[in-house]
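This report concerns only the one structure given below.
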Amino acid sequence: MLEWDQDTPVDAQWWDTKIREAIARRSHFAGRPETDSYRIIHSEADLLPGLIADKYGDYIVVQFLTSGTDLRKEIITASLQKYMNPKGIYERSDSNSRSLEGLAASNGLLYGEMPPEQLEIRENNIRFRVNISDGQKSGYFLDQRENRKLVAGYVKDKQVLDCFCYSGGFSLYAQQAGAAGVTSVDSSAPAIQTVAANYEANQLQANPEQLIEADVFDFLRKAQAQQKHWDVIILDPPKLSPSRQAVERAQRAYKDLNMQAMKLMRPGDLLATFSCSGSITLDHFKQIIAWAATDARKQVQIIQTFGQPEDHPIRASFPESEYLKGVLCRVI
Ligand code: SAH
């Protein structure tokens, strides 16, 4: 559903206006030198169903998720070029949702220059290397920007475990905020290599023994057996519930994961735990955390909740646009 007013034609002008307005809503981001990367179009929540566009430094990465937006690539690209004036616009339409509309994946340059293989972006004055053509999602997880900053507020002089670290978002913030040590775990070898490169890009010292390629579920079980301990644990898993039908299985996976982490925790320790599954609400997630605590035999307080940053808005009439949530727990 693109337009409610029958008398308004959905033509090139319509798309151009909606794109211009979405970009204008982020105009205050443009003047922030500390952050050069953010989402400029967030699909339904910006009144543009099936369209996602992210700004990465001087480049734009766009995803056409429906056949409607796929058919209008050219006019959408022209408007993005007109209002953002990027060096290049790259398409990363390889989300699973395209197959529901019978569309194949489609990746490649739509306008301008090809982004460098290791594009360096800035987020809250921390540098990250982003591989736009091969990285996961559109190369980096822009939606955790504010949460990384909030979690970094609790880590000074602490030992931190960043699970599902990808390119090290939470790890780099923690290191920068004066953590005593940061252990980063991800099952993807290229992700772990990127964490190392990101430490270097920020003149931070990484201990290679603390960059660990492993399955988090296995890692946490082994850590229990070895009686390892961290003061702050971060759990930012991939979407464990890809659809409403998968909720029941996913809730068991979330519970198991959080329980394994809680078993490692002592009174006073913190757990920052997230879910990016749209089919699991914040209330449901809190319930899962309560079950995890019971099974880990821990008393847990929720001391903060996390959500989406303003460049990933939630449209009031479209609750499905709320997908990222998290809680900060303290074991007492
Ligand atoms: N916290 C990251 C984003 C995490 S995305 C950030 O701030 O940018 C989820 C990550 O989980 C991906 O990097 C993926 O490689 C990793 N992953 C998926 N399943 C995993 C598993 N079972 N064990 C470890 N890592 C896993």
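In the structure tokens, chains take the letters A, B, ... in the order shown, each chain's residues start at 1, and ligands count up from 1 in the order shown.
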
| query | Would you name the residues within 10 Å of ligand 1, counting only C-alpha atoms and all ligand atoms, and put them as a count of residues only? | reply | 54

| query | Please, which residues of region 2-233 of chain A, numbered as in this document, come out helix (DSSP H, G or I) from DSSP, as a PyMOL selection string? | reply | chain A and resi 12-25+27-30+43-46+67-70+73-84+96-101+142-152+169-176+189-201+208-210+216-225

Kindly assemble as a Markdown table a list of the region 66-154 of chain A residues that lie within 12 Å of region 4-15 of chain A, each paired with its nearest atom pair and their distance in Å to one decimal, using only C-alpha atoms, sorted first by chain and then by ascending residue number.
```
| residue | atom | partner | partner_atom | distance |
| --- | --- | --- | --- | --- |
| A:Gly68 | CA | A:Val10 | CA | 10.9 |
| A:Thr69 | CA | A:Trp15 | CA | 9.8 |
| A:Leu71 | CA | A:Ala12 | CA | 11.7 |
| A:Arg72 | CA | A:Ala12 | CA | 8.5 |
| A:Lys73 | CA | A:Trp15 | CA | 10.6 |
| A:Glu74 | CA | A:Ala12 | CA | 9.7 |
| A:Ile75 | CA | A:Ala12 | CA | 6.3 |
| A:Ile76 | CA | A:Trp15 | CA | 6.8 |
| A:Thr77 | CA | A:Trp15 | CA | 10.4 |
| A:Ala78 | CA | A:Ala12 | CA | 10.0 |
| A:Ser79 | CA | A:Trp15 | CA | 8.0 |
| A:Leu80 | CA | A:Trp15 | CA | 10.4 |
```

| Among listed residues A:Ala105, A:Ile60, A:Ala246, A:Leu48, nearest Ser279 (chain A) (using only C-alpha atoms) | A:Ala246

| message | Rounded to one decimal, what separation in Å do you get between CA of Lys298 (chain A) and CA of Asp256 (chain A)? | response |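 Taking CA of Lys298 (chain A) as the start and CA of Asp256 (chain A) as the end point, the length is 14.0 Å.
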